[in-house]
Each structure stands twice: as C-alpha cells, then as structure tokens.
file upload13.cif (mmCIF, C-alpha atoms)
data_my_file
loop_
_atom_site.group_PDB
_atom_site.id
_atom_site.type_symbol
_atom_site.label_atom_id
_atom_site.label_comp_id
_atom_site.auth_asym_id
_atom_site.auth_seq_id
_atom_site.Cartn_x
_atom_site.Cartn_y
_atom_site.Cartn_z
ATOM 1 C CA MET J 11 -52.097 14.770 3.834
ATOM 2 C CA ARG J 12 -50.487 12.753 1.103
ATOM 3 C CA ASN J 13 -51.331 9.161 0.341
ATOM 4 C CA TYR J 14 -47.789 8.081 -0.537
ATOM 5 C CA SER J 15 -44.202 8.121 0.564
ATOM 6 C CA ILE J 16 -41.134 8.737 -1.556
ATOM 7 C CA ASP J 17 -37.796 7.283 -0.528
ATOM 8 C CA ILE J 18 -34.482 7.158 -2.347
ATOM 9 C CA ILE J 19 -33.075 3.671 -1.795
ATOM 10 C CA ASP J 20 -29.725 2.815 -3.405
ATOM 11 C CA GLY J 21 -30.309 5.344 -6.194
ATOM 12 C CA VAL J 22 -33.894 4.211 -6.843
ATOM 13 C CA ALA J 23 -36.781 6.611 -6.279
ATOM 14 C CA VAL J 24 -39.392 4.430 -4.556
ATOM 15 C CA VAL J 25 -42.978 5.680 -4.448
ATOM 16 C CA SER J 26 -45.199 3.634 -2.134
ATOM 17 C CA PHE J 27 -48.920 4.321 -1.993
ATOM 18 C CA LEU J 28 -50.452 3.836 1.452
ATOM 19 C CA GLU J 29 -54.050 3.565 0.234
ATOM 20 C CA GLN J 30 -55.635 3.153 -3.153
ATOM 21 C CA PRO J 31 -54.479 6.226 -5.109
ATOM 22 C CA SER J 32 -56.761 8.636 -6.887
ATOM 23 C CA LEU J 33 -55.803 10.265 -10.158
ATOM 24 C CA ASP J 34 -54.740 13.368 -8.202
ATOM 25 C CA ASP J 35 -52.606 11.284 -5.812
ATOM 26 C CA VAL J 36 -50.712 9.786 -8.749
ATOM 27 C CA ARG J 37 -50.235 13.202 -10.388
ATOM 28 C CA ARG J 38 -48.907 14.719 -7.159
ATOM 29 C CA ALA J 39 -46.461 11.818 -6.734
ATOM 30 C CA ILE J 40 -45.280 12.211 -10.342
ATOM 31 C CA ASP J 41 -44.772 15.944 -9.798
ATOM 32 C CA GLU J 42 -42.818 15.372 -6.589
ATOM 33 C CA VAL J 43 -40.543 12.706 -8.082
ATOM 34 C CA ALA J 44 -39.919 14.917 -11.124
ATOM 35 C CA GLU J 45 -39.133 17.864 -8.834
ATOM 36 C CA ILE J 46 -36.621 15.779 -6.864
ATOM 37 C CA GLY J 47 -35.008 14.941 -10.217
ATOM 38 C CA GLY J 48 -31.904 13.003 -11.073
ATOM 39 C CA HIS J 49 -33.405 9.555 -10.673
ATOM 40 C CA ASP J 50 -33.448 7.436 -13.784
ATOM 41 C CA LEU J 51 -34.504 4.385 -11.753
ATOM 42 C CA ARG J 52 -38.020 4.551 -10.347
ATOM 43 C CA LEU J 53 -40.186 2.004 -8.534
ATOM 44 C CA TRP J 54 -43.930 2.533 -8.022
ATOM 45 C CA ASP J 55 -45.163 0.205 -5.298
ATOM 46 C CA LEU J 56 -48.867 -0.677 -5.211
ATOM 47 C CA SER J 57 -48.397 -3.589 -2.783
ATOM 48 C CA ARG J 58 -50.295 -1.997 0.093
ATOM 49 C CA SER J 59 -52.793 -0.003 -1.919
ATOM 50 C CA GLY J 60 -53.803 -1.681 -5.144
ATOM 51 C CA VAL J 61 -55.226 0.592 -7.828
ATOM 52 C CA GLU J 62 -58.585 1.038 -9.508
ATOM 53 C CA LEU J 63 -58.381 3.677 -12.214
ATOM 54 C CA THR J 64 -60.255 3.727 -15.517
ATOM 55 C CA SER J 65 -58.453 3.108 -18.785
ATOM 56 C CA ALA J 66 -58.961 6.804 -19.623
ATOM 57 C CA GLN J 67 -57.302 7.787 -16.328
ATOM 58 C CA LEU J 68 -54.416 5.370 -16.966
ATOM 59 C CA LYS J 69 -53.884 6.922 -20.397
ATOM 60 C CA GLU J 70 -54.016 10.397 -18.864
ATOM 61 C CA ILE J 71 -51.341 9.424 -16.314
ATOM 62 C CA ALA J 72 -49.195 7.859 -19.045
ATOM 63 C CA ASP J 73 -49.409 11.002 -21.178
ATOM 64 C CA TYR J 74 -48.609 13.165 -18.149
ATOM 65 C CA SER J 75 -45.620 10.953 -17.280
ATOM 66 C CA LYS J 76 -44.286 11.278 -20.828
ATOM 67 C CA ILE J 77 -44.153 15.042 -20.341
ATOM 68 C CA LYS J 78 -42.571 14.891 -16.879
ATOM 69 C CA PHE J 79 -40.068 12.076 -17.566
ATOM 70 C CA SER J 80 -38.580 12.141 -21.049
ATOM 71 C CA ALA J 81 -34.945 11.272 -20.242
ATOM 72 C CA PRO J 82 -33.852 7.637 -20.594
ATOM 73 C CA SER J 83 -34.905 5.723 -17.508
ATOM 74 C CA SER J 84 -36.140 2.433 -16.108
ATOM 75 C CA VAL J 85 -39.437 2.183 -14.260
ATOM 76 C CA ALA J 86 -40.775 -0.801 -12.321
ATOM 77 C CA ILE J 87 -44.302 -1.150 -10.980
ATOM 78 C CA VAL J 88 -45.010 -3.585 -8.152
ATOM 79 C CA ALA J 89 -48.586 -4.852 -8.266
ATOM 80 C CA PRO J 90 -49.149 -8.182 -6.495
ATOM 81 C CA LYS J 91 -52.963 -8.074 -6.694
ATOM 82 C CA ASP J 92 -54.528 -9.311 -9.935
ATOM 83 C CA LEU J 93 -56.560 -6.175 -10.712
ATOM 84 C CA ALA J 94 -53.657 -3.819 -10.013
ATOM 85 C CA PHE J 95 -51.333 -6.039 -12.060
ATOM 86 C CA GLY J 96 -53.685 -6.021 -15.051
ATOM 87 C CA LEU J 97 -54.246 -2.265 -14.875
ATOM 88 C CA SER J 98 -50.502 -1.706 -14.544
ATOM 89 C CA ARG J 99 -49.937 -3.785 -17.684
ATOM 90 C CA MET J 100 -52.423 -1.530 -19.494
ATOM 91 C CA TYR J 101 -50.478 1.485 -18.229
ATOM 92 C CA GLU J 102 -47.276 -0.136 -19.501
ATOM 93 C CA ILE J 103 -48.732 -0.136 -23.016
ATOM 94 C CA TYR J 104 -49.947 3.480 -22.782
ATOM 95 C CA ARG J 105 -46.582 4.631 -21.388
ATOM 96 C CA GLU J 106 -44.496 3.057 -24.154
ATOM 97 C CA GLN J 107 -41.584 5.274 -25.238
ATOM 98 C CA PRO J 108 -38.302 4.243 -26.876
ATOM 99 C CA GLN J 109 -36.093 5.684 -24.116
ATOM 100 C CA ILE J 110 -38.177 4.345 -21.198
ATOM 101 C CA ALA J 111 -37.960 0.749 -20.001
ATOM 102 C CA LEU J 112 -41.054 -0.111 -17.965
ATOM 103 C CA LYS J 113 -42.009 -3.459 -16.512
ATOM 104 C CA VAL J 114 -44.657 -4.693 -14.057
ATOM 105 C CA PHE J 115 -43.780 -7.144 -11.293
ATOM 106 C CA ARG J 116 -45.611 -9.054 -8.573
ATOM 107 C CA THR J 117 -42.901 -8.526 -5.931
ATOM 108 C CA ARG J 118 -40.693 -5.653 -4.881
ATOM 109 C CA GLU J 119 -37.645 -7.944 -4.823
ATOM 110 C CA GLU J 120 -38.085 -8.871 -8.504
ATOM 111 C CA ALA J 121 -38.614 -5.218 -9.434
ATOM 112 C CA LEU J 122 -35.497 -4.034 -7.612
ATOM 113 C CA ALA J 123 -33.403 -6.841 -9.102
ATOM 114 C CA TRP J 124 -34.549 -5.824 -12.590
ATOM 115 C CA LEU J 125 -33.888 -2.130 -11.941
ATOM 116 C CA LYS J 126 -30.408 -2.795 -10.545
ATOM 117 C CA GLY J 127 -29.527 -5.418 -13.194
#

call {"tool": "encode", "arguments": {"input": "upload13.cif", "output": "structure tokens"}}
result
Amino acid sequence: MRNYSIDIIDGVAVVSFLEQPSLDDVRRAIDEVAEIGGHDLRLWDLSRSGVELTSAQLKEIADYSKIKFSAPSSVAIVAPKDLAFGLSRMYEIYREQPQIALKVFRTREEALAWLKG
C-alpha cells in the first residue's frame, strides 16, 4: 500500500503524502511521477504528513531527483509545520540546479499560485 496519492490538477502533478514519508516512500513517488512524465510543474504536499528525514537522506533524495528530473521545471513544496518547513528548505538547497525552480511554501494556495504564475 502506498503512502501517497498523485493527481494531475490543471497541469500540475500533485503528490500528497498521507502519513509521514520514509525515504522509500519518497523514492517511489519520485519514480511514479517521473514515469507519468510530461509534467514540468510539480507540487509535493506535506500538509497532512510532515516529514522527518535526516540531512543525509534529504541529500540522497535531492541527488536522486536530479537524475530523474533534469528538464526545466518548477517545483513547490507545501510544508505548514515548522520542522517540515525547515527540512524542506534544506532540501531546496541540496536540490539546487540552474534549470529547476524550487520553492517551499506554508500553504497549498500560495504554492499553486506561484506554480501557475
């Protein structure tokens, strides 16, 4: 059973975690979104789940994402809880690539507005 849902909403691939994701959960979600393909707008929603991964795991996910998503794209992370927000900001630094715009938000509305703007 997977710990996330993936929906395509107005051209945005939205990944919502239902419970706190493990490293494997995040990898599986990355693989599935990459397999779907064709979505240069992605939103990762941690509103319901939060996240508690180590800095080494965050770096590992960032490196993995760089391999899976190298085309120009915009990525928003929704993390309303303080810990998830801080960890997502760390991920933002690890994930830095010239062709990828990535930003962390507290609300889904702000994230979608940024992605669509």

call {"tool": "atom_distance", "arguments": {"input": "upload13.cif", "atom1": "atom CA of J:Tyr14", "atom2": "atom CA of J:Gly127"}}
result
26.0 Å

call {"tool": "residues_around", "arguments": {"input": "upload13.cif", "residues": "J:Arg52", "least_positions_apart": "6", "cutoff": "10 Å", "atoms": "only C-alpha atoms", "output": "list in words"}}
result
Ile18, Ile19, Gly21, Val22, Ala23, Val24, Val25, Val43, Ser83, Ser84, Val85, Ala86, Ile87, Leu112, Ala121, Leu122 and Leu125 of chain J

call {"tool": "closest_residue", "arguments": {"input": "upload13.cif", "among": "J:Leu68, J:Val114, J:Met11, J:Leu51", "to": "J:Tyr101", "atoms": "only C-alpha atoms"}}
result
J:Leu68

call {"tool": "axis_aligned_box", "arguments": {"input": "upload13.cif", "around": "stretch 30-48 of chain J", "padding_each_side": "6 Å", "output": "JSON"}}
result
{"center_x": -44.3, "center_y": 10.5, "center_z": -7.1, "size_x": 36.9, "size_y": 26.7, "size_z": 20.0}

call {"tool": "atom_distance", "arguments": {"input": "upload13.cif", "atom1": "atom CA of J:Ser98", "atom2": "atom CA of J:Glu29"}}
result
16.1 Å

call {"tool": "closest_residue", "arguments": {"input": "upload13.cif", "among": "J:Phe27, J:Tyr104, J:Phe115, J:Tyr74", "to": "J:Ala89", "atoms": "all atoms listed in the file"}}
result
J:Phe115

call {"tool": "closest_residue", "arguments": {"input": "upload13.cif", "among": "J:Gly96, J:Pro90, J:Pro82, J:Pro108", "to": "J:Glu120", "atoms": "all atoms listed in the file"}}
result
J:Pro90

call {"tool": "atom_distance", "arguments": {"input": "upload13.cif", "atom1": "atom CA of J:Thr64", "atom2": "atom CA of J:Asn13"}}
result
19.0 Å

call {"tool": "resolve_selection", "arguments": {"input": "upload13.cif", "expression": "the PyMOL selection byres ((chain J and resi 79) around 10)", "output": "list of chain:residue names"}}
result
J:Ile40, J:Asp41, J:Val43, J:Ala44, J:Gly47, J:His49, J:Asp50, J:Tyr74, J:Ser75, J:Lys76, J:Ile77, J:Lys78, J:Ser80, J:Ala81, J:Pro82, J:Ser83, J:Gln109, J:Ile110

call {"tool": "build_atoms", "arguments": {"input": "upload13.cif", "residues": "stretch 85-98 of chain J", "atoms": "N, CA and C atoms", "output": "PDB file, in the frame of the given file"}}
result
ATOM      1  N   VAL J  85     -38.337   2.042 -15.207  1.00  0.00           N
ATOM      2  CA  VAL J  85     -39.437   2.183 -14.260  1.00  0.00           C
ATOM      3  C   VAL J  85     -40.024   0.799 -13.992  1.00  0.00           C
ATOM      4  N   ALA J  86     -40.149   0.464 -12.716  1.00  0.00           N
ATOM      5  CA  ALA J  86     -40.775  -0.801 -12.321  1.00  0.00           C
ATOM      6  C   ALA J  86     -42.028  -0.475 -11.515  1.00  0.00           C
ATOM      7  N   ILE J  87     -43.063  -1.261 -11.748  1.00  0.00           N
ATOM      8  CA  ILE J  87     -44.302  -1.150 -10.980  1.00  0.00           C
ATOM      9  C   ILE J  87     -44.502  -2.471 -10.249  1.00  0.00           C
ATOM     10  N   VAL J  88     -44.737  -2.392  -8.948  1.00  0.00           N
ATOM     11  CA  VAL J  88     -45.010  -3.585  -8.152  1.00  0.00           C
ATOM     12  C   VAL J  88     -46.509  -3.637  -7.895  1.00  0.00           C
ATOM     13  N   ALA J  89     -47.137  -4.699  -8.396  1.00  0.00           N
ATOM     14  CA  ALA J  89     -48.586  -4.852  -8.266  1.00  0.00           C
ATOM     15  C   ALA J  89     -48.915  -6.330  -8.029  1.00  0.00           C
ATOM     16  N   PRO J  90     -48.906  -6.766  -6.772  1.00  0.00           N
ATOM     17  CA  PRO J  90     -49.149  -8.182  -6.495  1.00  0.00           C
ATOM     18  C   PRO J  90     -50.598  -8.626  -6.695  1.00  0.00           C
ATOM     19  N   LYS J  91     -51.546  -7.708  -6.544  1.00  0.00           N
ATOM     20  CA  LYS J  91     -52.963  -8.074  -6.694  1.00  0.00           C
ATOM     21  C   LYS J  91     -53.333  -8.118  -8.174  1.00  0.00           C
ATOM     22  N   ASP J  92     -54.197  -9.074  -8.527  1.00  0.00           N
ATOM     23  CA  ASP J  92     -54.528  -9.311  -9.935  1.00  0.00           C
ATOM     24  C   ASP J  92     -55.049  -8.076 -10.658  1.00  0.00           C
ATOM     25  N   LEU J  93     -55.993  -7.354 -10.051  1.00  0.00           N
ATOM     26  CA  LEU J  93     -56.560  -6.175 -10.712  1.00  0.00           C
ATOM     27  C   LEU J  93     -55.495  -5.111 -10.923  1.00  0.00           C
ATOM     28  N   ALA J  94     -54.724  -4.827  -9.895  1.00  0.00           N
ATOM     29  CA  ALA J  94     -53.657  -3.819 -10.013  1.00  0.00           C
ATOM     30  C   ALA J  94     -52.615  -4.249 -11.040  1.00  0.00           C
ATOM     31  N   PHE J  95     -52.305  -5.530 -11.089  1.00  0.00           N
ATOM     32  CA  PHE J  95     -51.333  -6.039 -12.060  1.00  0.00           C
ATOM     33  C   PHE J  95     -51.852  -5.824 -13.479  1.00  0.00           C
ATOM     34  N   GLY J  96     -53.101  -6.187 -13.723  1.00  0.00           N
ATOM     35  CA  GLY J  96     -53.685  -6.021 -15.051  1.00  0.00           C
ATOM     36  C   GLY J  96     -53.761  -4.561 -15.475  1.00  0.00           C
ATOM     37  N   LEU J  97     -54.179  -3.693 -14.555  1.00  0.00           N
ATOM     38  CA  LEU J  97     -54.246  -2.265 -14.875  1.00  0.00           C
ATOM     39  C   LEU J  97     -52.854  -1.695 -15.111  1.00  0.00           C
ATOM     40  N   SER J  98     -51.880  -2.169 -14.358  1.00  0.00           N
ATOM     41  CA  SER J  98     -50.502  -1.706 -14.544  1.00  0.00           C
ATOM     42  C   SER J  98     -49.952  -2.147 -15.894  1.00  0.00           C
TER      43      SER J  98
END
